[in-house]
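Dropping work30.cif in here (mmCIF, C-alpha atoms):
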```
data_final
loop_
_atom_site.label_atom_id
_atom_site.label_comp_id
_atom_site.auth_asym_id
_atom_site.auth_seq_id
_atom_site.Cartn_x
_atom_site.Cartn_y
_atom_site.Cartn_z
CA MET A 222 65.09 17.05 99.31
CA PRO A 223 67.69 17.01 96.54
CA SER A 224 70.72 19.28 96.70
CA ILE A 225 70.44 22.58 94.83
CA SER A 226 73.50 24.08 93.13
CA LEU A 227 73.63 27.88 93.02
CA ARG A 228 76.02 29.46 90.46
CA ILE A 229 76.46 33.10 91.42
CA SER A 230 78.74 35.67 89.77
CA ALA A 231 80.56 37.94 92.19
CA ILE A 232 79.62 40.87 90.06
CA ALA A 233 75.96 39.83 89.91
CA ILE A 234 75.57 40.06 93.65
CA GLY A 235 76.60 43.68 93.56
CA LEU A 236 80.01 43.55 95.19
CA VAL A 237 81.28 46.33 92.99
CA GLY A 238 82.24 48.42 95.96
CA LEU A 239 84.50 45.59 97.23
CA LEU A 240 86.39 44.96 94.02
CA LEU A 241 89.91 46.09 93.39
CA PHE A 242 90.45 47.56 89.97
CA THR A 243 93.21 48.91 87.79
CA VAL A 244 93.14 52.62 86.98
CA GLN A 245 94.77 53.85 83.83
CA LEU A 246 95.24 57.58 83.25
CA GLN A 247 94.76 58.68 79.68
CA ALA A 248 96.22 62.12 79.16
CA SER A 249 94.64 64.58 76.81
CA PRO A 250 96.91 66.09 74.15
CA GLY A 251 99.22 68.67 75.67
CA ASN A 252 99.37 67.29 79.21
CA ALA A 253 102.58 69.26 79.62
CA GLU A 254 100.37 72.28 79.22
CA THR A 255 101.37 75.53 77.57
CA PRO A 256 100.39 78.66 79.51
CA HIS A 257 97.17 80.49 78.69
CA GLY A 258 98.42 83.63 76.95
CA THR A 259 101.96 84.81 76.39
CA ILE A 260 104.28 87.45 77.80
CA PRO A 261 104.44 90.20 75.13
CA ASP A 262 107.77 91.54 73.96
CA LEU A 263 106.94 95.12 74.95
CA PRO A 264 105.52 96.36 78.28
CA PRO A 265 102.16 98.15 78.28
CA THR A 266 102.19 101.91 78.64
CA LEU A 267 99.44 103.34 80.83
CA GLN A 268 99.71 107.12 81.02
CA ASN A 269 98.98 109.11 84.18
CA GLY A 270 98.06 106.03 86.18
CA ASP A 271 98.57 108.06 89.36
CA VAL A 272 96.08 110.71 88.13
CA GLU A 273 98.33 113.54 89.31
CA CYS A 274 97.27 117.16 89.01
CA THR A 275 100.87 117.91 88.04
CA THR A 276 100.26 115.87 84.86
CA GLY A 277 97.23 118.02 84.22
CA TYR A 278 93.45 117.90 83.91
CA TYR A 279 91.10 119.01 81.16
CA THR A 280 87.60 120.37 81.63
CA GLN A 281 84.30 119.23 80.20
CA THR A 282 80.66 120.11 80.81
CA ASP A 283 78.33 117.49 82.27
CA ALA A 284 74.59 117.03 81.69
CA LEU A 285 73.85 119.74 84.27
CA SER A 286 76.11 122.21 82.43
CA LYS A 287 78.58 122.07 85.28
CA THR A 288 82.34 121.91 84.79
CA ILE A 289 84.08 118.66 85.67
CA TYR A 290 87.83 117.96 85.66
CA ILE A 291 89.17 114.82 83.98
CA PRO A 292 92.83 113.77 84.35
CA ASN A 293 94.88 114.04 81.17
CA HIS A 294 95.09 110.86 79.03
CA TRP A 295 91.79 109.59 80.46
CA ASN A 296 88.27 109.61 78.99
CA TRP A 297 85.05 109.22 80.92
CA VAL A 298 81.45 108.13 80.46
CA ALA A 299 78.47 108.83 82.72
CA ILE A 300 76.45 105.62 82.87
CA GLN A 301 73.98 107.07 85.37
CA GLY A 302 73.59 110.39 87.17
CA THR A 303 75.81 113.47 87.18
CA PRO A 304 78.51 113.23 89.86
CA ARG A 305 81.10 115.94 90.47
CA ILE A 306 84.59 114.97 89.24
CA ASN A 307 87.81 116.72 90.16
CA SER A 308 91.40 116.41 91.30
CA ALA A 309 91.29 115.61 95.02
CA ARG A 310 94.08 118.10 95.72
CA VAL A 311 92.48 120.88 93.69
CA ASN A 312 89.11 120.17 95.30
CA PHE A 313 90.31 120.21 98.92
CA ALA A 314 93.46 122.37 98.74
CA HIS A 315 92.08 124.68 96.00
CA SER A 316 95.17 124.29 93.80
CA CYS A 317 97.67 121.67 92.73
CA ASP A 318 100.30 123.12 95.07
CA GLY A 319 97.88 123.85 97.93
CA GLU A 320 98.22 122.27 101.36
CA ALA A 321 95.47 120.14 102.91
CA HIS A 322 94.76 116.56 103.91
CA ILE A 323 94.36 114.67 100.62
CA GLU A 324 93.17 111.07 100.46
CA ARG A 325 95.65 109.30 98.19
CA ILE A 326 97.70 106.14 97.90
CA SER A 327 100.63 107.42 95.83
CA GLY A 328 102.04 110.76 94.68
CA ILE A 329 100.28 113.94 95.81
CA ASP A 330 96.85 113.49 94.26
CA SER A 331 93.95 111.18 93.45
CA LEU A 332 90.78 111.34 91.38
CA PHE A 333 87.77 112.57 93.40
CA ILE A 334 84.13 111.71 92.60
CA GLU A 335 81.16 112.84 94.68
CA ALA A 336 77.41 112.41 94.32
CA GLN A 337 75.25 115.25 93.05
CA ASP A 338 73.71 117.29 95.91
CA LEU A 339 76.09 115.62 98.33
CA GLU A 340 74.35 116.97 101.47
CA LYS A 341 71.55 119.02 99.90
CA LEU A 342 68.01 118.22 101.01
CA PRO A 343 65.54 116.79 100.19
CA LEU A 344 67.47 114.13 98.21
CA PRO A 345 71.15 114.36 99.09
CA GLY A 346 73.71 112.07 97.50
CA LYS A 347 71.94 111.12 94.28
CA PRO A 348 72.81 107.77 92.63
CA PHE A 349 75.52 107.72 89.98
CA ASP A 350 77.62 105.35 87.91
CA VAL A 351 80.71 106.74 86.17
CA ALA A 352 83.63 105.05 84.40
CA PHE A 353 87.03 106.36 83.35
CA TYR A 354 88.92 104.60 80.60
CA GLN A 355 92.14 104.60 78.64
CA GLN A 356 93.04 102.57 75.57
CA ILE A 357 96.59 101.20 75.39
CA SER A 358 98.51 99.25 72.77
CA ALA A 359 98.72 95.49 73.29
CA THR A 360 99.91 92.28 71.67
CA VAL A 361 97.15 89.94 70.56
CA GLY A 362 97.34 86.83 72.73
CA GLY A 363 99.37 88.64 75.37
CA ALA A 364 98.42 88.38 79.05
CA TYR A 365 97.96 91.66 80.94
CA SER A 366 97.36 92.37 84.61
CA LEU A 367 95.76 95.49 86.10
CA SER A 368 96.03 96.63 89.73
CA GLY A 369 94.73 99.79 91.36
CA TRP A 370 93.42 101.40 94.54
CA MET A 371 90.03 102.89 95.42
CA LEU A 372 88.30 104.29 98.49
CA SER A 373 84.53 104.75 98.91
CA LEU A 374 82.68 106.59 101.67
CA CYS A 375 78.96 105.86 101.84
CA GLY A 376 77.37 108.32 104.25
CA GLY A 377 80.39 110.61 104.24
CA SER A 378 83.47 110.43 106.43
CA ASN A 379 81.73 110.82 109.79
CA VAL A 380 82.41 108.19 112.46
CA PRO A 381 80.22 106.55 113.60
CA ASN A 382 78.99 106.01 110.08
CA ASN A 383 75.29 105.79 109.19
CA CYS A 384 75.38 104.15 105.75
CA PRO A 385 72.27 101.89 105.80
CA SER A 386 72.71 98.15 105.90
CA GLY A 387 72.63 96.76 102.37
CA TYR A 388 73.73 100.04 100.80
CA TYR A 389 77.08 100.13 99.05
CA MET A 390 79.27 101.97 96.57
CA ALA A 391 80.84 99.51 94.12
CA LYS A 392 84.48 100.14 93.27
CA MET A 393 85.30 98.46 89.97
CA LEU A 394 88.40 97.88 87.88
CA GLY A 395 88.19 96.29 84.43
CA ILE A 396 89.94 95.32 81.21
CA ASP A 397 88.22 95.06 77.84
CA PRO A 398 90.47 92.68 75.86
CA ASN A 399 88.69 93.79 72.67
CA GLY A 400 89.69 97.42 73.14
CA GLY A 401 86.14 98.80 73.25
CA THR A 402 85.06 101.90 75.14
CA ASP A 403 81.67 100.70 76.44
CA PRO A 404 81.92 99.85 80.16
CA LEU A 405 78.71 97.82 79.85
CA ALA A 406 80.13 95.53 77.15
CA PRO A 407 80.02 91.85 78.16
CA SER A 408 83.66 91.46 77.13
CA VAL A 409 84.93 93.63 80.03
CA VAL A 410 86.63 91.54 82.74
CA TRP A 411 85.74 93.23 86.04
CA ALA A 412 86.99 93.13 89.61
CA GLU A 413 84.60 94.62 92.19
CA ASP A 414 84.73 95.64 95.85
CA ARG A 415 81.74 96.92 97.86
CA HIS A 416 83.36 97.55 101.25
CA ASN A 417 82.71 100.93 102.81
CA PHE A 418 85.64 102.83 104.31
CA ILE A 419 84.50 101.66 107.75
CA GLU A 420 82.49 98.58 108.68
CA ALA A 421 81.38 97.36 112.13
CA GLY A 422 83.41 100.14 113.69
CA GLN A 423 86.63 98.97 112.00
CA ARG A 424 88.36 101.10 109.40
CA VAL A 425 88.63 99.30 106.06
CA GLY A 426 90.15 102.18 104.13
CA TRP A 427 91.63 101.96 100.67
CA ARG A 428 91.07 98.72 98.79
CA ASN A 429 93.28 97.08 96.19
CA LEU A 430 91.45 95.75 93.14
CA ARG A 431 93.08 93.64 90.45
CA THR A 432 92.15 91.66 87.34
CA SER A 433 93.72 90.20 84.21
CA ALA A 434 92.85 89.35 80.62
CA ILE A 435 94.25 88.07 77.33
CA ALA A 436 94.36 90.74 74.59
CA GLN A 437 92.07 89.91 71.69
CA ALA A 438 92.97 93.01 69.69
CA PRO A 439 95.97 95.34 69.20
CA THR A 440 94.37 97.65 71.76
CA ILE A 441 92.98 96.89 75.21
CA THR A 442 90.96 99.27 77.38
CA ILE A 443 91.51 99.94 81.06
CA PHE A 444 88.44 100.94 83.12
CA ALA A 445 88.15 102.44 86.60
CA ARG A 446 84.54 102.78 87.70
CA ILE A 447 82.50 103.91 90.70
CA ASN A 448 78.89 102.70 90.83
CA SER A 449 76.82 104.28 93.61
CA PRO A 450 73.31 102.86 93.01
CA PHE A 451 71.64 104.12 96.21
CA GLN A 452 70.60 107.64 97.14
CA TRP A 453 72.34 108.55 100.38
CA HIS A 454 74.01 111.64 101.76
CA GLY A 455 77.77 112.10 101.64
CA ASN A 456 78.53 109.43 99.03
CA HIS A 457 81.96 110.06 97.48
CA ALA A 458 84.99 108.07 96.33
CA PHE A 459 88.64 108.27 95.29
CA ILE A 460 90.69 106.47 92.60
CA ASP A 461 94.49 106.27 92.56
CA ALA A 462 97.60 104.28 91.61
CA LEU A 463 96.43 102.40 88.51
CA SER A 464 99.10 100.09 87.08
CA VAL A 465 99.19 97.68 84.12
CA VAL A 466 101.92 95.06 83.60
CA ARG A 467 102.53 91.99 81.51
CA ALA A 468 100.89 89.27 83.59
CA PRO A 469 102.82 86.42 85.21
CA LEU A 470 102.19 83.03 83.63
CA ALA A 471 101.59 79.56 85.02
CA ASP A 472 101.65 76.12 83.44
CA LEU A 473 100.52 72.71 84.57
CA THR A 474 102.16 69.30 84.10
CA LEU A 475 100.32 65.99 84.42
CA PRO A 476 101.80 62.50 83.98
CA ALA A 477 101.08 60.69 80.73
CA THR A 478 99.97 57.39 82.33
CA VAL A 479 99.61 55.81 85.75
CA THR A 480 98.43 52.32 86.64
CA ASP A 481 97.05 50.53 89.67
CA THR A 482 96.16 53.76 91.45
CA GLN A 483 93.75 56.66 91.27
CA ALA A 484 96.38 59.10 92.53
CA ILE A 485 98.38 61.36 90.22
CA THR A 486 101.02 64.01 90.83
CA VAL A 487 100.08 67.46 89.52
CA ALA A 488 103.02 69.82 89.09
CA TRP A 489 102.98 73.54 88.40
CA SER A 490 105.54 76.15 87.45
CA GLY A 491 105.46 79.71 86.23
CA GLN A 492 107.16 82.75 84.80
CA GLN A 493 107.35 86.11 86.56
CA SER A 494 106.33 89.28 84.77
CA PRO A 495 109.42 91.13 83.52
CA ASP A 496 107.67 94.39 84.45
CA VAL A 497 107.18 93.28 88.06
CA THR A 498 110.87 92.47 88.45
CA GLN A 499 111.65 96.11 87.58
CA ILE A 500 109.47 97.66 90.31
CA PRO A 501 111.79 99.68 92.61
CA GLY A 502 111.98 98.16 96.08
CA GLY A 503 109.74 95.28 95.08
CA ARG A 504 109.82 91.97 96.98
CA TYR A 505 107.52 90.19 94.58
CA THR A 506 107.29 86.43 94.42
CA LEU A 507 105.06 84.06 92.48
CA TYR A 508 102.11 82.44 94.22
CA PHE A 509 100.03 79.73 92.62
CA ASP A 510 96.40 78.64 92.84
CA LEU A 511 95.34 75.25 91.47
CA GLN A 512 91.74 74.13 90.93
CA TYR A 513 89.93 71.07 89.62
CA ARG A 514 86.42 69.99 88.74
CA HIS A 515 84.61 66.89 87.61
CA ALA A 516 84.16 67.31 83.86
CA GLY A 517 80.70 68.54 82.96
CA THR A 518 80.17 70.44 86.23
CA ALA A 519 80.23 74.21 86.53
CA GLY A 520 81.99 74.84 89.82
CA TRP A 521 85.75 74.77 90.34
CA LYS A 522 87.17 73.44 93.62
CA ASP A 523 90.42 74.54 95.23
CA LEU A 524 93.20 71.97 95.24
CA VAL A 525 96.10 74.30 96.13
CA SER A 526 95.92 77.94 97.25
CA ASP A 527 98.67 80.51 97.86
CA ALA A 528 101.50 78.11 97.09
CA PRO A 529 104.78 80.04 96.95
CA ASN A 530 107.02 79.07 94.05
CA PRO A 531 106.71 76.04 91.75
CA GLY A 532 105.73 72.72 93.29
CA ASN A 533 103.51 69.67 93.05
CA THR A 534 100.68 67.97 94.89
CA LEU A 535 98.90 64.64 94.95
CA PHE A 536 95.40 64.37 93.50
CA THR A 537 93.23 61.31 94.12
CA ALA A 538 90.25 60.79 91.86
CA ARG A 539 87.05 59.81 93.65
CA CYS A 540 85.43 58.33 90.56
CA ALA A 541 86.61 56.20 87.67
CA ASN A 542 85.56 55.96 84.02
CA THR A 543 85.17 59.71 83.99
CA ALA A 544 87.18 62.86 83.33
CA TYR A 545 88.51 65.62 85.56
CA GLU A 546 89.72 69.07 84.55
CA PHE A 547 92.57 71.08 86.08
CA ARG A 548 93.67 74.71 85.83
CA VAL A 549 96.32 76.90 87.44
CA ARG A 550 96.98 80.63 87.93
CA ALA A 551 100.08 82.56 88.99
CA ARG A 552 99.97 85.76 91.07
CA ALA A 553 102.76 88.27 91.61
CA GLU A 554 102.49 89.53 95.18
CA GLN A 555 104.74 90.72 97.98
CA PRO A 556 104.95 88.65 101.17
CA PRO A 557 103.69 90.38 104.32
CA ALA A 558 106.06 92.93 105.84
CA PRO A 559 108.54 93.17 107.44
CA PRO A 560 110.61 94.03 105.58
CA GLU A 561 108.67 96.62 103.66
CA GLY A 562 108.45 96.22 99.90
CA ALA A 563 107.33 98.49 97.10
CA SER A 564 104.56 100.95 97.90
CA PRO A 565 101.73 101.02 97.06
CA ASN A 566 101.45 97.27 97.46
CA GLN A 567 100.11 96.36 94.02
CA ARG A 568 99.04 92.77 93.36
CA TYR A 569 99.15 91.37 89.84
CA PRO A 570 97.11 88.24 89.05
CA GLY A 571 97.76 86.12 86.00
CA VAL A 572 94.99 84.50 83.99
CA TRP A 573 93.68 81.01 84.65
CA SER A 574 95.15 78.42 82.31
CA GLU A 575 92.90 76.62 79.86
CA PRO A 576 91.43 73.49 81.50
CA THR A 577 93.47 70.33 81.02
CA THR A 578 91.36 67.17 80.89
CA VAL A 579 92.44 63.86 82.42
CA PHE A 580 90.39 60.68 81.95
CA PHE A 581 90.51 58.06 84.69
CA GLN A 582 89.71 54.62 83.29
CA ASN A 583 88.62 51.71 85.45
CA THR A 584 89.73 48.31 84.18
CA PRO A 585 88.02 45.67 86.39
CA PRO A 586 90.01 42.49 87.10
CA THR A 587 89.00 39.23 85.49
CA THR A 588 87.05 37.13 88.00
CA GLU A 589 85.96 33.51 87.85
CA PRO A 590 82.31 32.72 88.66
CA ILE A 591 81.74 31.52 92.21
CA THR A 592 80.02 28.16 92.55
CA VAL A 593 78.18 27.46 95.80
CA THR A 594 76.68 24.03 96.43
CA THR A 595 74.46 23.92 99.49
CA PRO A 596 71.89 21.29 100.45
CA LEU A 597 68.66 23.09 101.14
CA THR A 598 65.64 21.69 102.90
CA GLY A 599 62.29 23.36 103.09
CA ALA A 600 61.80 27.04 102.45
CA GLN A 601 65.21 28.73 102.52
CA PRO A 602 65.61 32.54 102.25
CA LEU A 603 68.44 33.73 100.06
CA PHE A 604 70.02 37.10 101.04
CA LEU A 605 71.98 39.08 98.47
CA PRO A 606 73.88 42.18 99.58
CA LEU A 607 72.58 45.51 98.35
CA VAL A 608 75.49 47.86 97.83
CA GLN A 609 74.78 51.54 97.34
CA ASN A 610 77.68 53.94 97.09
CA ASN A 611 76.84 57.52 96.07
CA ILE A 612 80.11 59.41 95.61
CA GLU A 613 80.39 63.09 94.78
CA CYS A 614 83.07 63.17 92.14
#
```
Hey, can you dump this file as structure tokens for me?
Amino acid sequence: MPSISLRISAIAIGLVGLLLFTVQLQASPGNAETPHGTIPDLPPTLQNGDVECTTGYYTQTDALSKTIYIPNHWNWVAIQGTPRINSARVNFAHSCDGEAHIERISGIDSLFIEAQDLEKLPLPGKPFDVAFYQQISATVGGAYSLSGWMLSLCGGSNVPNNCPSGYYMAKMLGIDPNGGTDPLAPSVVWAEDRHNFIEAGQRVGWRNLRTSAIAQAPTITIFARINSPFQWHGNHAFIDALSVVRAPLADLTLPATVTDTQAITVAWSGQQSPDVTQIPGGRYTLYFDLQYRHAGTAGWKDLVSDAPNPGNTLFTARCANTAYEFRVRARAEQPPAPPEGASPNQRYPGVWSEPTTVFFQNTPPTTEPITVTTPLTGAQPLFLPLVQNNIEC
């Protein structure tokens, strides 16, 4: 038999997974990214954030022609049902200067909300959804952070507690960056907590909720809301210590180019809120969260969490000839005690930065064709490798 010459390209036999290649990083415009939002010149002014009876309440009549008490400077809207609303101190101590145990986080008072027919048969604790709101002046494009405290008691305060599994009272804190007064508007940026005051025999107690937004109008609206969608006896809740500050900012820095590697250094830095630095007794520091995703996908993945202070990390791309997106957020929080810091322990999140896109380009090396000359006799099988490499980018 004559000799047979086989001329096989290394690429043709599917050795892509074995090739070395050059990676070039092409940075999108603004790779030294500007923060999402700005720190306004003037601090926000939220009035009566501690909902104190000493600041005063005004009365209104609800849909059942019953008198309810709303803290001064706040408005309210009943989304569902007709809960009772009052100063916690006035409700339990019968006057603003009365003595009794009052659930609160700061000052001497809190806002008290209880379900209609709290313990009255045959349908005690009727469902309700009520929101309190206040409009405050803002700077368009300014970043604002809202923190507050709420306590919910499904099934009343008895221990052991009999709130049915799956039942909850949603505590909600929100900002409408458009300044609207509709709590159901899609523009409202909500934070939500459904924990009862006690779960699995362990006391959960007061919960801190926090959120942030970029003002889209000269006025933003602050919402505090209790949504109790299930009928159950004893359902009531408290709201206290609402605080709005100029949000801390974070920015992200990516290198302009990198060659011969798929690894890049991602650096972050930030700016503390000038309002947070003025909190008496505060021990606030900046923490950073960094996330990434393969461009075109919906879910963000954590790259760095709870990093104190500015820093950097190494990111290695799993795929080439594709883009990745990065974003960062700063948070103003106090480290765990001791020593004690400011009380109540508010937490102020910044807003996530706009995604920064980085394109990883694969430049394959130039390869010469491989010539194999092999004398073959008779029927000879020829085996070519089958390379399959499914990588989640």
message: as a count of residues only, please: the residues near Val525 (chain A) (cut-off 10 Å, all atoms listed in the file, same-chain neighbours under 4 positions excluded).
response: 8
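The nearest approach to Gln555 (chain A) among the residues A:Asn530, A:Leu507, A:Phe580, A:Cys614, with all atoms listed in the file taken into account, belongs to A:Leu507.
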- request: For the file shown, report as an MDAnalysis selection string the outcome of the PyMOL selection byres ((chain A and resi 427) around 7) at residue level.
  value: chainID A and resid 370:372 425:426 428:429
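On the file presented, the PyMOL selection byres ((chain A and resi 261) around 12) picks out Gly258, Thr259, Ile260, Asp262, Leu263, Pro264, Pro265, Ser358, Ala359, Thr360, Val361, Gly362, Gly363, Ala364, Tyr365, Ile435, Ala436, Pro439, Val466, Arg467, Ala468, Pro469, Leu470, Ser494, Pro495 and Asp496 of chain A.
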task: Apply the PyMOL selection byres ((chain A and resi 313) around 12) to the file shown and report the selected residues as a VMD selection string.
output: chain A and resid 307 to 312 314 to 324 330 to 333
- request: Could you give me, as a ChimeraX atom specification, the residues that have an atom at most 9 Å away from the point (75.5, 103.8, 86.6) in the coordinates of the file, using all atoms listed in the file?
  value: /A:299-302,348-352,447-450
Could those residues be written to a file, using C-alpha atoms, as a short mmCIF file (atom, residue, chain, number, x, y, z; two decimals), in the frame of the given file?
```cif
data_model
loop_
_atom_site.label_atom_id
_atom_site.label_comp_id
_atom_site.auth_asym_id
_atom_site.auth_seq_id
_atom_site.Cartn_x
_atom_site.Cartn_y
_atom_site.Cartn_z
CA ALA A 299 78.47 108.83 82.72
CA ILE A 300 76.45 105.62 82.87
CA GLN A 301 73.98 107.07 85.37
CA GLY A 302 73.59 110.39 87.17
CA PRO A 348 72.81 107.77 92.63
CA PHE A 349 75.52 107.72 89.98
CA ASP A 350 77.62 105.35 87.91
CA VAL A 351 80.71 106.74 86.17
CA ALA A 352 83.63 105.05 84.40
CA ILE A 447 82.50 103.91 90.70
CA ASN A 448 78.89 102.70 90.83
CA SER A 449 76.82 104.28 93.61
CA PRO A 450 73.31 102.86 93.01
#
```
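Nearest residue to Glu546 (chain A) among A:Asp271, A:Glu340, A:Asp472, A:Glu575 is A:Glu575, counting all atoms listed in the file.
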Point-to-point distance in Å for CA of Ile326 (chain A) and CA of Ile289 (chain A): 22.2 Å
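Note that the spacing between CA of Pro292 (chain A) and CA of Ile460 (chain A) amounts to 11.2 Å.
Between Asp461 (chain A) and the residues A:Ile334, A:Ile612, A:Ala519, A:Ala541, the shortest atom-to-atom distance, using only C-alpha atoms, involves A:Ile334.
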message: Tell me which residues come within 8 Å of (104.6, 75.6, 90.7), as number ranges by chain, counting only C-alpha atoms in the file's coordinates.
response: A: 471-473, 488-491, 509, 528-533
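We find CA of Asp397 (chain A) and CA of Ser464 (chain A) to be spaced 15.1 Å apart.
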All residues 10 Å or closer to Arg504 (chain A), only C-alpha atoms, same chain fewer than 4 positions away omitted, as a PDB file with C-alpha atoms, in the coordinates of the input:
```pdb
ATOM      1  CA  VAL A 497     107.180  93.280  88.060  1.00  0.00           C
ATOM      2  CA  THR A 498     110.870  92.470  88.450  1.00  0.00           C
ATOM      3  CA  ILE A 500     109.470  97.660  90.310  1.00  0.00           C
ATOM      4  CA  ALA A 553     102.760  88.270  91.610  1.00  0.00           C
ATOM      5  CA  GLU A 554     102.490  89.530  95.180  1.00  0.00           C
ATOM      6  CA  GLN A 555     104.740  90.720  97.980  1.00  0.00           C
ATOM      7  CA  PRO A 556     104.950  88.650 101.170  1.00  0.00           C
ATOM      8  CA  PRO A 557     103.690  90.380 104.320  1.00  0.00           C
ATOM      9  CA  ALA A 558     106.060  92.930 105.840  1.00  0.00           C
ATOM     10  CA  PRO A 560     110.610  94.030 105.580  1.00  0.00           C
ATOM     11  CA  GLU A 561     108.670  96.620 103.660  1.00  0.00           C
ATOM     12  CA  GLY A 562     108.450  96.220  99.900  1.00  0.00           C
ATOM     13  CA  ALA A 563     107.330  98.490  97.100  1.00  0.00           C
ATOM     14  CA  ASN A 566     101.450  97.270  97.460  1.00  0.00           C
TER      15      ASN A 566
END
```
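Considering all atoms listed in the file, the residue among A:Ser574, A:Gln452, A:Ser368, A:Thr276 positioned nearest to Asp338 (chain A) is A:Gln452.
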- request: Please identify all polymer residues within 10 Å of Gly422 (chain A), counting all atoms listed in the file, omitting same-chain residues fewer than 6 positions from it, and present them as a ChimeraX atom specification.
  value: /A:380-382
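For the residues A:Ser366, A:Asn293, A:Gln423, A:Thr442, ranking by smallest atom-to-atom distance to Tyr569 (chain A) using all atoms listed in the file places A:Ser366 first.
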message: Residues near Tyr389 (chain A), anyone? I mean within 7 Å using only C-alpha atoms, not counting same-chain ones fewer than 4 positions away, as a PyMOL selection string.
response: chain A and resi 375+415+417+449
message: I want to know what sits within 12 Å of Trp297 (chain A), based on only C-alpha atoms, with residues of the same chain fewer than 3 positions away left out; could you give that as a ChimeraX atom specification?
response: /A:279-283,289-294,300,303-304,306,334,350-356,402-404,443-447
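Take the candidates A:Gly400, A:Gly517, A:Gly503, A:Pro343 and check each one against Thr543 (chain A) using all atoms listed in the file; the shortest distance goes to A:Gly517.
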